[in-house]
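Data file: protein.txt. Format and content: compact mmCIF, N, CA and C atoms.
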```txt
# COMPACT_ATOMS: atom_id res chain seq x y z
N MET A 1 -12.83 15.56 4.33
CA MET A 1 -12.68 14.44 5.22
C MET A 1 -11.22 14.20 5.54
N GLY A 2 -10.33 14.36 4.60
CA GLY A 2 -8.91 14.09 4.83
C GLY A 2 -8.53 12.72 4.32
N GLY A 3 -7.25 12.52 4.14
CA GLY A 3 -6.75 11.25 3.62
C GLY A 3 -6.96 10.11 4.60
N MET A 4 -7.22 8.94 4.06
CA MET A 4 -7.41 7.73 4.86
C MET A 4 -6.16 6.87 4.74
N PRO A 5 -5.58 6.44 5.86
CA PRO A 5 -4.39 5.59 5.79
C PRO A 5 -4.76 4.15 5.42
N TYR A 6 -3.83 3.47 4.81
CA TYR A 6 -3.97 2.03 4.55
C TYR A 6 -2.58 1.40 4.58
N TRP A 7 -2.54 0.10 4.83
CA TRP A 7 -1.28 -0.63 4.79
C TRP A 7 -1.58 -2.10 4.50
N TYR A 8 -0.63 -2.73 3.87
CA TYR A 8 -0.74 -4.12 3.45
C TYR A 8 0.60 -4.81 3.66
N VAL A 9 0.56 -6.10 3.98
CA VAL A 9 1.77 -6.90 4.10
C VAL A 9 1.65 -8.04 3.08
N VAL A 10 2.66 -8.16 2.21
CA VAL A 10 2.68 -9.21 1.20
C VAL A 10 4.02 -9.92 1.23
N ASP A 11 4.05 -11.09 0.64
CA ASP A 11 5.31 -11.82 0.53
C ASP A 11 6.28 -11.06 -0.37
N TYR A 12 7.54 -11.13 -0.01
CA TYR A 12 8.58 -10.49 -0.81
C TYR A 12 8.75 -11.21 -2.13
N GLU A 13 8.91 -10.44 -3.19
CA GLU A 13 9.27 -10.99 -4.49
C GLU A 13 9.91 -9.90 -5.33
N GLU A 14 10.74 -10.35 -6.24
CA GLU A 14 11.39 -9.45 -7.21
C GLU A 14 10.82 -9.77 -8.58
N PRO A 15 10.62 -8.81 -9.42
CA PRO A 15 10.76 -7.40 -9.12
C PRO A 15 9.63 -6.93 -8.20
N LEU A 16 9.89 -5.86 -7.47
CA LEU A 16 8.90 -5.34 -6.53
C LEU A 16 7.61 -4.94 -7.22
N GLN A 17 7.69 -4.54 -8.47
CA GLN A 17 6.49 -4.19 -9.22
C GLN A 17 5.53 -5.38 -9.31
N SER A 18 6.07 -6.59 -9.41
CA SER A 18 5.23 -7.79 -9.44
C SER A 18 4.46 -7.96 -8.15
N ALA A 19 5.11 -7.70 -7.02
CA ALA A 19 4.43 -7.78 -5.72
C ALA A 19 3.32 -6.75 -5.64
N LEU A 20 3.60 -5.53 -6.10
CA LEU A 20 2.57 -4.49 -6.10
C LEU A 20 1.42 -4.87 -7.01
N ASP A 21 1.71 -5.35 -8.20
CA ASP A 21 0.66 -5.74 -9.15
C ASP A 21 -0.21 -6.85 -8.57
N ARG A 22 0.41 -7.83 -7.93
CA ARG A 22 -0.35 -8.93 -7.33
C ARG A 22 -1.25 -8.41 -6.20
N LEU A 23 -0.71 -7.53 -5.37
CA LEU A 23 -1.50 -6.94 -4.28
C LEU A 23 -2.68 -6.15 -4.83
N ARG A 24 -2.44 -5.34 -5.84
CA ARG A 24 -3.53 -4.55 -6.44
C ARG A 24 -4.62 -5.48 -6.99
N ARG A 25 -4.21 -6.53 -7.67
CA ARG A 25 -5.18 -7.49 -8.22
C ARG A 25 -5.98 -8.15 -7.10
N ARG A 26 -5.32 -8.53 -6.01
CA ARG A 26 -6.00 -9.17 -4.87
C ARG A 26 -7.08 -8.26 -4.29
N GLU A 27 -6.73 -6.99 -4.05
CA GLU A 27 -7.67 -6.06 -3.45
C GLU A 27 -8.80 -5.70 -4.41
N TYR A 28 -8.49 -5.62 -5.69
CA TYR A 28 -9.51 -5.37 -6.71
C TYR A 28 -10.50 -6.53 -6.77
N GLU A 29 -9.99 -7.75 -6.87
CA GLU A 29 -10.86 -8.93 -6.95
C GLU A 29 -11.73 -9.05 -5.69
N ALA A 30 -11.18 -8.70 -4.54
CA ALA A 30 -11.93 -8.78 -3.28
C ALA A 30 -12.97 -7.66 -3.17
N GLY A 31 -12.79 -6.60 -3.95
CA GLY A 31 -13.72 -5.47 -3.87
C GLY A 31 -13.46 -4.56 -2.69
N ARG A 32 -12.25 -4.58 -2.15
CA ARG A 32 -11.93 -3.72 -1.00
C ARG A 32 -11.38 -2.39 -1.49
N TYR A 33 -12.27 -1.58 -2.04
CA TYR A 33 -11.89 -0.27 -2.55
C TYR A 33 -13.14 0.61 -2.66
N ASN A 34 -12.92 1.91 -2.64
CA ASN A 34 -13.97 2.89 -2.85
C ASN A 34 -14.30 2.91 -4.34
N PRO A 35 -15.52 2.91 -4.75
CA PRO A 35 -16.76 3.10 -4.02
C PRO A 35 -17.48 1.83 -3.61
N VAL A 36 -16.85 0.66 -3.70
CA VAL A 36 -17.54 -0.59 -3.37
C VAL A 36 -17.82 -0.69 -1.88
N VAL A 37 -16.84 -0.37 -1.05
CA VAL A 37 -17.04 -0.45 0.39
C VAL A 37 -16.88 0.94 1.01
N PRO A 38 -17.66 1.22 2.05
CA PRO A 38 -17.52 2.51 2.72
C PRO A 38 -16.22 2.57 3.50
N PHE A 39 -15.67 3.77 3.62
CA PHE A 39 -14.42 3.95 4.35
C PHE A 39 -14.66 4.89 5.50
N PRO A 40 -14.04 4.66 6.64
CA PRO A 40 -13.13 3.54 6.89
C PRO A 40 -13.89 2.22 6.92
N MET A 41 -13.24 1.14 6.47
CA MET A 41 -13.87 -0.18 6.43
C MET A 41 -14.02 -0.71 7.84
N GLU A 42 -15.22 -1.21 8.13
CA GLU A 42 -15.44 -1.82 9.43
C GLU A 42 -14.79 -3.19 9.50
N ASP A 43 -14.77 -3.91 8.38
CA ASP A 43 -14.19 -5.25 8.34
C ASP A 43 -13.17 -5.31 7.21
N PRO A 44 -11.87 -5.16 7.53
CA PRO A 44 -10.85 -5.17 6.48
C PRO A 44 -10.70 -6.52 5.78
N GLU A 45 -11.34 -7.55 6.30
CA GLU A 45 -11.30 -8.87 5.66
C GLU A 45 -12.51 -9.11 4.77
N ALA A 46 -13.43 -8.15 4.70
CA ALA A 46 -14.63 -8.30 3.85
C ALA A 46 -14.23 -8.51 2.40
N THR A 47 -15.02 -9.30 1.69
CA THR A 47 -14.75 -9.55 0.28
C THR A 47 -16.04 -9.43 -0.52
N PRO A 48 -16.52 -8.20 -0.72
CA PRO A 48 -17.76 -8.03 -1.48
C PRO A 48 -17.60 -8.35 -2.96
N GLY A 49 -16.38 -8.45 -3.43
CA GLY A 49 -16.12 -8.74 -4.84
C GLY A 49 -16.04 -7.48 -5.68
N LYS A 50 -15.31 -7.58 -6.76
CA LYS A 50 -15.12 -6.42 -7.64
C LYS A 50 -16.46 -5.98 -8.22
N GLN A 51 -16.58 -4.69 -8.43
CA GLN A 51 -17.80 -4.12 -8.98
C GLN A 51 -17.55 -3.36 -10.27
N HIS A 52 -16.34 -3.45 -10.78
CA HIS A 52 -15.95 -2.73 -12.00
C HIS A 52 -15.21 -3.69 -12.93
N ALA A 53 -15.27 -3.41 -14.21
CA ALA A 53 -14.70 -4.33 -15.21
C ALA A 53 -13.18 -4.40 -15.15
N THR A 54 -12.53 -3.32 -14.73
CA THR A 54 -11.07 -3.27 -14.66
C THR A 54 -10.64 -2.42 -13.47
N ILE A 55 -9.38 -2.54 -13.13
CA ILE A 55 -8.83 -1.67 -12.08
C ILE A 55 -8.92 -0.21 -12.52
N GLU A 56 -8.65 0.06 -13.77
CA GLU A 56 -8.70 1.43 -14.28
C GLU A 56 -10.10 2.01 -14.15
N LYS A 57 -11.13 1.19 -14.41
CA LYS A 57 -12.52 1.67 -14.26
C LYS A 57 -12.87 1.86 -12.79
N ALA A 58 -12.33 1.03 -11.94
CA ALA A 58 -12.53 1.22 -10.50
C ALA A 58 -11.90 2.53 -10.04
N ARG A 59 -10.70 2.81 -10.54
CA ARG A 59 -10.02 4.07 -10.19
C ARG A 59 -10.83 5.27 -10.70
N ALA A 60 -11.36 5.16 -11.89
CA ALA A 60 -12.17 6.26 -12.44
C ALA A 60 -13.44 6.46 -11.61
N ALA A 61 -14.04 5.38 -11.13
CA ALA A 61 -15.25 5.49 -10.32
C ALA A 61 -14.97 6.15 -8.97
N GLY A 62 -13.74 6.02 -8.49
CA GLY A 62 -13.38 6.66 -7.23
C GLY A 62 -13.27 8.17 -7.35
N ALA A 63 -13.19 8.65 -8.60
CA ALA A 63 -13.11 10.08 -8.89
C ALA A 63 -11.99 10.74 -8.08
N GLU A 64 -12.23 11.96 -7.60
CA GLU A 64 -11.18 12.70 -6.91
C GLU A 64 -10.82 12.10 -5.55
N ASP A 65 -11.70 11.28 -4.97
CA ASP A 65 -11.37 10.60 -3.71
C ASP A 65 -10.40 9.45 -3.93
N GLY A 66 -10.35 8.94 -5.15
CA GLY A 66 -9.56 7.75 -5.43
C GLY A 66 -10.24 6.51 -4.87
N THR A 67 -9.57 5.40 -4.92
CA THR A 67 -10.15 4.15 -4.41
C THR A 67 -9.92 3.99 -2.91
N ARG A 68 -9.14 4.89 -2.34
CA ARG A 68 -8.78 4.82 -0.92
C ARG A 68 -8.12 3.49 -0.59
N SER A 69 -7.34 3.00 -1.55
CA SER A 69 -6.68 1.71 -1.40
C SER A 69 -5.42 1.67 -2.25
N ILE A 70 -4.76 0.54 -2.24
CA ILE A 70 -3.55 0.33 -3.02
C ILE A 70 -3.83 0.40 -4.52
N LEU A 71 -5.08 0.33 -4.93
CA LEU A 71 -5.40 0.43 -6.36
C LEU A 71 -4.96 1.76 -6.93
N ASP A 72 -4.86 2.79 -6.10
CA ASP A 72 -4.44 4.11 -6.56
C ASP A 72 -2.94 4.16 -6.87
N ILE A 73 -2.20 3.18 -6.41
CA ILE A 73 -0.75 3.16 -6.58
C ILE A 73 -0.41 2.26 -7.77
N VAL A 74 0.13 2.85 -8.83
CA VAL A 74 0.31 2.09 -10.06
C VAL A 74 1.73 1.58 -10.30
N ARG A 75 2.71 2.17 -9.62
CA ARG A 75 4.08 1.71 -9.90
C ARG A 75 5.00 1.94 -8.70
N ILE A 76 6.10 1.19 -8.74
CA ILE A 76 7.19 1.36 -7.80
C ILE A 76 8.09 2.47 -8.35
N SER A 77 8.55 3.36 -7.49
CA SER A 77 9.45 4.43 -7.93
C SER A 77 10.59 4.59 -6.92
N ASP A 78 11.57 5.39 -7.31
CA ASP A 78 12.70 5.63 -6.42
C ASP A 78 12.42 6.72 -5.38
N ALA A 79 11.50 7.64 -5.72
CA ALA A 79 11.19 8.77 -4.84
C ALA A 79 9.68 8.93 -4.73
N PRO A 80 9.18 9.42 -3.59
CA PRO A 80 7.74 9.59 -3.43
C PRO A 80 7.13 10.49 -4.51
N ASP A 81 5.99 10.05 -5.04
CA ASP A 81 5.24 10.83 -6.01
C ASP A 81 3.81 10.30 -6.02
N PHE A 82 2.90 11.08 -6.59
CA PHE A 82 1.51 10.67 -6.65
C PHE A 82 1.35 9.37 -7.41
N CYS A 83 0.53 8.48 -6.86
CA CYS A 83 0.19 7.19 -7.46
C CYS A 83 1.39 6.25 -7.58
N GLU A 84 2.42 6.48 -6.78
CA GLU A 84 3.61 5.63 -6.81
C GLU A 84 4.00 5.22 -5.39
N ALA A 85 4.71 4.09 -5.30
CA ALA A 85 5.23 3.60 -4.03
C ALA A 85 6.74 3.70 -4.05
N ALA A 86 7.29 4.39 -3.07
CA ALA A 86 8.73 4.59 -2.97
C ALA A 86 9.24 3.98 -1.67
N PRO A 87 10.50 3.59 -1.65
CA PRO A 87 11.05 3.00 -0.44
C PRO A 87 11.35 4.06 0.63
N PHE A 88 11.37 3.60 1.87
CA PHE A 88 11.94 4.41 2.93
C PHE A 88 13.45 4.25 2.83
N GLU A 89 14.18 5.31 3.07
CA GLU A 89 15.64 5.25 3.09
C GLU A 89 16.09 4.53 4.37
N SER A 90 17.27 3.93 4.32
CA SER A 90 17.80 3.18 5.47
C SER A 90 17.87 4.03 6.72
N ASP A 91 18.31 5.30 6.58
CA ASP A 91 18.42 6.15 7.77
C ASP A 91 17.04 6.51 8.33
N GLU A 92 16.03 6.65 7.46
CA GLU A 92 14.66 6.90 7.92
C GLU A 92 14.17 5.70 8.73
N LEU A 93 14.36 4.50 8.17
CA LEU A 93 13.92 3.30 8.87
C LEU A 93 14.61 3.14 10.21
N ASP A 94 15.91 3.38 10.24
CA ASP A 94 16.66 3.26 11.48
C ASP A 94 16.11 4.23 12.53
N ALA A 95 15.80 5.46 12.11
CA ALA A 95 15.28 6.47 13.05
C ALA A 95 13.85 6.14 13.51
N ILE A 96 13.03 5.63 12.62
CA ILE A 96 11.61 5.40 12.94
C ILE A 96 11.39 4.04 13.59
N VAL A 97 11.99 3.00 13.02
CA VAL A 97 11.73 1.62 13.43
C VAL A 97 12.82 1.08 14.34
N GLY A 98 14.02 1.65 14.23
CA GLY A 98 15.13 1.17 15.05
C GLY A 98 16.03 0.20 14.33
N SER A 99 15.79 0.03 13.02
CA SER A 99 16.62 -0.88 12.24
C SER A 99 16.48 -0.53 10.76
N ALA A 100 17.57 -0.63 10.02
CA ALA A 100 17.51 -0.43 8.57
C ALA A 100 17.02 -1.70 7.87
N ARG A 101 17.00 -2.81 8.60
CA ARG A 101 16.50 -4.08 8.09
C ARG A 101 15.52 -4.66 9.10
N PRO A 102 14.36 -4.02 9.25
CA PRO A 102 13.42 -4.43 10.30
C PRO A 102 12.68 -5.72 9.95
N SER A 103 12.16 -6.35 10.98
CA SER A 103 11.27 -7.50 10.79
C SER A 103 9.87 -6.97 10.47
N ALA A 104 9.02 -7.84 9.99
CA ALA A 104 7.63 -7.45 9.71
C ALA A 104 6.95 -6.97 10.99
N GLU A 105 7.26 -7.60 12.11
CA GLU A 105 6.66 -7.21 13.39
C GLU A 105 7.09 -5.79 13.78
N GLN A 106 8.38 -5.47 13.56
CA GLN A 106 8.86 -4.12 13.87
C GLN A 106 8.16 -3.09 12.99
N VAL A 107 7.96 -3.42 11.73
CA VAL A 107 7.32 -2.48 10.81
C VAL A 107 5.86 -2.27 11.20
N THR A 108 5.13 -3.35 11.44
CA THR A 108 3.71 -3.18 11.77
C THR A 108 3.54 -2.48 13.12
N ALA A 109 4.47 -2.67 14.04
CA ALA A 109 4.41 -1.96 15.33
C ALA A 109 4.63 -0.45 15.14
N ALA A 110 5.33 -0.08 14.08
CA ALA A 110 5.65 1.33 13.82
C ALA A 110 4.79 1.94 12.72
N THR A 111 3.68 1.28 12.37
CA THR A 111 2.84 1.74 11.26
C THR A 111 2.46 3.21 11.39
N SER A 112 2.00 3.61 12.55
CA SER A 112 1.57 4.99 12.75
C SER A 112 2.71 5.97 12.51
N ALA A 113 3.87 5.68 13.07
CA ALA A 113 5.03 6.56 12.89
C ALA A 113 5.49 6.59 11.43
N LEU A 114 5.43 5.45 10.75
CA LEU A 114 5.81 5.41 9.34
C LEU A 114 4.84 6.21 8.49
N LEU A 115 3.55 6.12 8.80
CA LEU A 115 2.54 6.86 8.03
C LEU A 115 2.71 8.37 8.16
N ASP A 116 3.37 8.82 9.22
CA ASP A 116 3.66 10.25 9.36
C ASP A 116 4.57 10.76 8.24
N HIS A 117 5.21 9.84 7.53
CA HIS A 117 6.16 10.19 6.47
C HIS A 117 5.60 9.89 5.07
N VAL A 118 4.27 9.77 4.99
CA VAL A 118 3.60 9.49 3.73
C VAL A 118 2.60 10.60 3.45
N ASP A 119 2.61 11.12 2.22
CA ASP A 119 1.67 12.17 1.83
C ASP A 119 0.45 11.57 1.14
N ARG A 120 -0.61 12.37 1.09
CA ARG A 120 -1.84 11.94 0.42
C ARG A 120 -1.57 11.56 -1.03
N GLY A 121 -2.24 10.49 -1.46
CA GLY A 121 -2.12 10.04 -2.84
C GLY A 121 -0.83 9.33 -3.15
N MET A 122 -0.06 9.02 -2.12
CA MET A 122 1.23 8.36 -2.30
C MET A 122 1.33 7.15 -1.38
N ALA A 123 2.33 6.31 -1.66
CA ALA A 123 2.61 5.16 -0.80
C ALA A 123 4.11 5.03 -0.63
N ARG A 124 4.48 4.40 0.44
CA ARG A 124 5.88 4.05 0.70
C ARG A 124 5.89 2.56 1.02
N TYR A 125 7.05 1.96 0.93
CA TYR A 125 7.14 0.54 1.28
C TYR A 125 8.40 0.27 2.09
N VAL A 126 8.32 -0.82 2.84
CA VAL A 126 9.44 -1.30 3.65
C VAL A 126 9.62 -2.78 3.34
N ILE A 127 10.82 -3.18 3.08
CA ILE A 127 11.13 -4.59 2.95
C ILE A 127 11.46 -5.11 4.34
N ALA A 128 10.71 -6.12 4.77
CA ALA A 128 10.89 -6.69 6.11
C ALA A 128 11.71 -7.98 6.01
N TYR A 129 12.58 -8.16 6.98
CA TYR A 129 13.54 -9.26 6.96
C TYR A 129 13.30 -10.26 8.07
N GLU A 130 13.74 -11.49 7.82
CA GLU A 130 13.94 -12.50 8.85
C GLU A 130 15.42 -12.85 8.74
N GLY A 131 16.20 -12.42 9.73
CA GLY A 131 17.64 -12.56 9.64
C GLY A 131 18.17 -11.71 8.50
N ASP A 132 18.89 -12.31 7.58
CA ASP A 132 19.42 -11.58 6.43
C ASP A 132 18.56 -11.70 5.19
N SER A 133 17.44 -12.40 5.30
CA SER A 133 16.61 -12.66 4.12
C SER A 133 15.38 -11.76 4.07
N PRO A 134 15.15 -11.11 2.92
CA PRO A 134 13.92 -10.34 2.77
C PRO A 134 12.73 -11.31 2.69
N MET A 135 11.69 -11.06 3.49
CA MET A 135 10.55 -11.99 3.55
C MET A 135 9.22 -11.34 3.19
N LYS A 136 9.04 -10.08 3.55
CA LYS A 136 7.76 -9.40 3.35
C LYS A 136 8.01 -8.01 2.79
N ILE A 137 6.96 -7.46 2.19
CA ILE A 137 6.95 -6.05 1.80
C ILE A 137 5.73 -5.45 2.46
N VAL A 138 5.93 -4.35 3.17
CA VAL A 138 4.83 -3.64 3.80
C VAL A 138 4.62 -2.35 3.01
N PHE A 139 3.43 -2.22 2.41
CA PHE A 139 3.06 -1.02 1.69
C PHE A 139 2.18 -0.18 2.60
N LEU A 140 2.52 1.12 2.74
CA LEU A 140 1.75 2.04 3.57
C LEU A 140 1.40 3.25 2.71
N GLY A 141 0.15 3.68 2.77
CA GLY A 141 -0.23 4.82 1.95
C GLY A 141 -1.36 5.63 2.55
N TYR A 142 -1.65 6.74 1.88
CA TYR A 142 -2.77 7.61 2.22
C TYR A 142 -3.59 7.86 0.98
N SER A 143 -4.91 7.83 1.15
CA SER A 143 -5.80 8.15 0.05
C SER A 143 -5.69 9.64 -0.31
N PHE A 144 -6.24 9.99 -1.44
CA PHE A 144 -6.23 11.39 -1.84
C PHE A 144 -7.10 12.23 -0.92
N ASP A 145 -8.25 11.72 -0.59
CA ASP A 145 -9.18 12.46 0.29
C ASP A 145 -10.04 11.49 1.05
```
Once more with this new file: its structure as structure tokens, please.
Amino acid sequence: MGGMPYWYVVDYEEPLQSALDRLRRREYEAGRYNPVVPFPMEDPEATPGKQHATIEKARAAGAEDGTRSILDIVRISDAPDFCEAAPFESDELDAIVGSARPSAEQVTAATSALLDHVDRGMARYVIAYEGDSPMKIVFLGYSFD
């Protein structure tokens, strides 16, 4: 089938791992992950509720396809790797989005182009700004299959 893209926008917070953990918990509690909901999801706002005792058990139930969601991403890292979220470099953002400090609107408008720089089973993130202040984090990823 091929990897399925996903993206999420959350409020900015430090450390970034806390933002990722909160996002993972939100999507797990809502049940927006494979195998609970079919992919691609017809309604990304659906909340069927979690169907597994833990995030780890949900990940195991996804088997080689993974959860097709942010649940597959367990940590923030400096460089892209499986099951990790890494930042886009400033020069990448400038080339793709037109700014090294883009707004959330600029990032979401460039989602497709940004996803071209993400491999299966990995995620990247962009910190979105309002003026000089970081306001949002946009996580973009691809499922394993």
* To do: With a distance cut-off of 8 Å and only N, CA and C atoms, select the neighbouring residues of Val118 in chain A, excluding the residue or stretch itself and same-chain residues fewer than 5 positions from it, and output the selection as a ChimeraX atom specification.
  => /A:113,123-124,140-142
* Structure fact -> In Å and to one decimal, atom N of Ala60 in chain A is distant from CA of Pro15 in chain A by 25.6 Å
* Asked: Ala30 in chain A: which residues within 8 Å, counting only C-alpha atoms, same-chain residues fewer than 3 positions away excluded, as an MDAnalysis selection string?
  -> chainID A and resid 26:27 46:50
* To do: Can you work out which one of A:Leu20, A:Thr111, A:Ser133, A:Glu14 has the shortest atom-to-atom distance to Val74 in chain A, counting all atoms listed in the file?
  => A:Leu20
* Who sits within 8 Å of Pro102 in chain A, all atoms listed in the file, same chain under 2 positions skipped, as a ChimeraX atom specification -> /A:93-94,97-100,104-107,126-131
* Asked: So how far away is CA of Asp132 in chain A from CA of Ala79 in chain A, in Å?
  -> 24.7 Å
* May I ask which of the residues A:Glu84, A:Pro35, A:Pro44, A:Leu23 is the closest one to Arg59 in chain A, counting all atoms listed in the file? => A:Pro35
* From chain A, collect each residue whose DSSP state is strand (DSSP E or B) and return the set as JSON, numbers by chain. => {"A": [5, 6, 7, 8, 9, 10, 11, 75, 76, 84, 85, 86, 87, 120, 123, 124, 125, 126, 127, 128, 129, 130, 133, 134, 135, 136, 137, 138, 139, 140, 141, 142]}
* Asked: So which bits of chain A end up alpha helix (DSSP H) when you DSSP the backbone, as a PyMOL selection string?
  -> chain A and resi 16-30+55-61+90-97+104-109+111-115
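Atom to atom, CA of Asp72 in chain A and CA of Pro38 in chain A stand 16.1 Å apart.
Shortest separation to Gln51 in chain A among A:Leu115, A:Val36, A:Met122, A:Ala19 occurs at residue A:Val36, atoms counted being all atoms listed in the file.
With only C-alpha atoms taken into account, the protein and nucleic acid residues at most 8 Å from Gly3 in chain A (excluding it and anything under 3 positions from it in its own chain) are A:Arg120, A:Tyr142, A:Ser143, A:Phe144, A:Asp145.
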Output, as JSON, the centre and edge lengths in Å (one decimal) of the axis-aligned box that contains all listed atoms of range 129-135 of chain A with 3 Å of margin on each side.
```
{"center_x": 14.3, "center_y": -10.5, "center_z": 6.2, "size_x": 16.2, "size_y": 10.7, "size_z": 13.0}
```
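Closest approach to Ala58 in chain A among A:Gly31, A:Ser112, A:Ile73, A:Pro80: A:Gly31, based on only C-alpha atoms.
With distances taken over only N, CA and C atoms, A:Arg25 is the one residue among A:Gln17, A:Ser90, A:Arg25, A:Ala53 lying closest to Leu71 in chain A.
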Could you tell me, as an mmCIF file with N, CA and C atoms, keeping the file's coordinate frame, which residues have any atom at most 6.5 Å from (13.4, 0.8, -3.4), counting only N, CA and C atoms?
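Here's the written file out-v9.cif:
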```cif
data_model
loop_
_atom_site.group_PDB
_atom_site.id
_atom_site.type_symbol
_atom_site.label_atom_id
_atom_site.label_comp_id
_atom_site.auth_asym_id
_atom_site.auth_seq_id
_atom_site.Cartn_x
_atom_site.Cartn_y
_atom_site.Cartn_z
ATOM 1 N N SER A 77 8.550 3.360 -7.490
ATOM 2 C CA SER A 77 9.450 4.430 -7.930
ATOM 3 C C SER A 77 10.590 4.590 -6.920
ATOM 4 N N ASP A 78 11.570 5.390 -7.310
ATOM 5 C CA ASP A 78 12.700 5.630 -6.420
ATOM 6 C C ASP A 78 12.420 6.720 -5.380
ATOM 7 N N ALA A 86 7.290 4.390 -3.070
ATOM 8 C CA ALA A 86 8.730 4.590 -2.970
ATOM 9 C C ALA A 86 9.240 3.980 -1.670
ATOM 10 N N PRO A 87 10.500 3.590 -1.650
ATOM 11 C CA PRO A 87 11.050 3.000 -0.440
ATOM 12 C C PRO A 87 11.350 4.060 0.630
ATOM 13 N N PHE A 88 11.370 3.600 1.870
ATOM 14 C CA PHE A 88 11.940 4.410 2.930
ATOM 15 C C PHE A 88 13.450 4.250 2.830
#
```
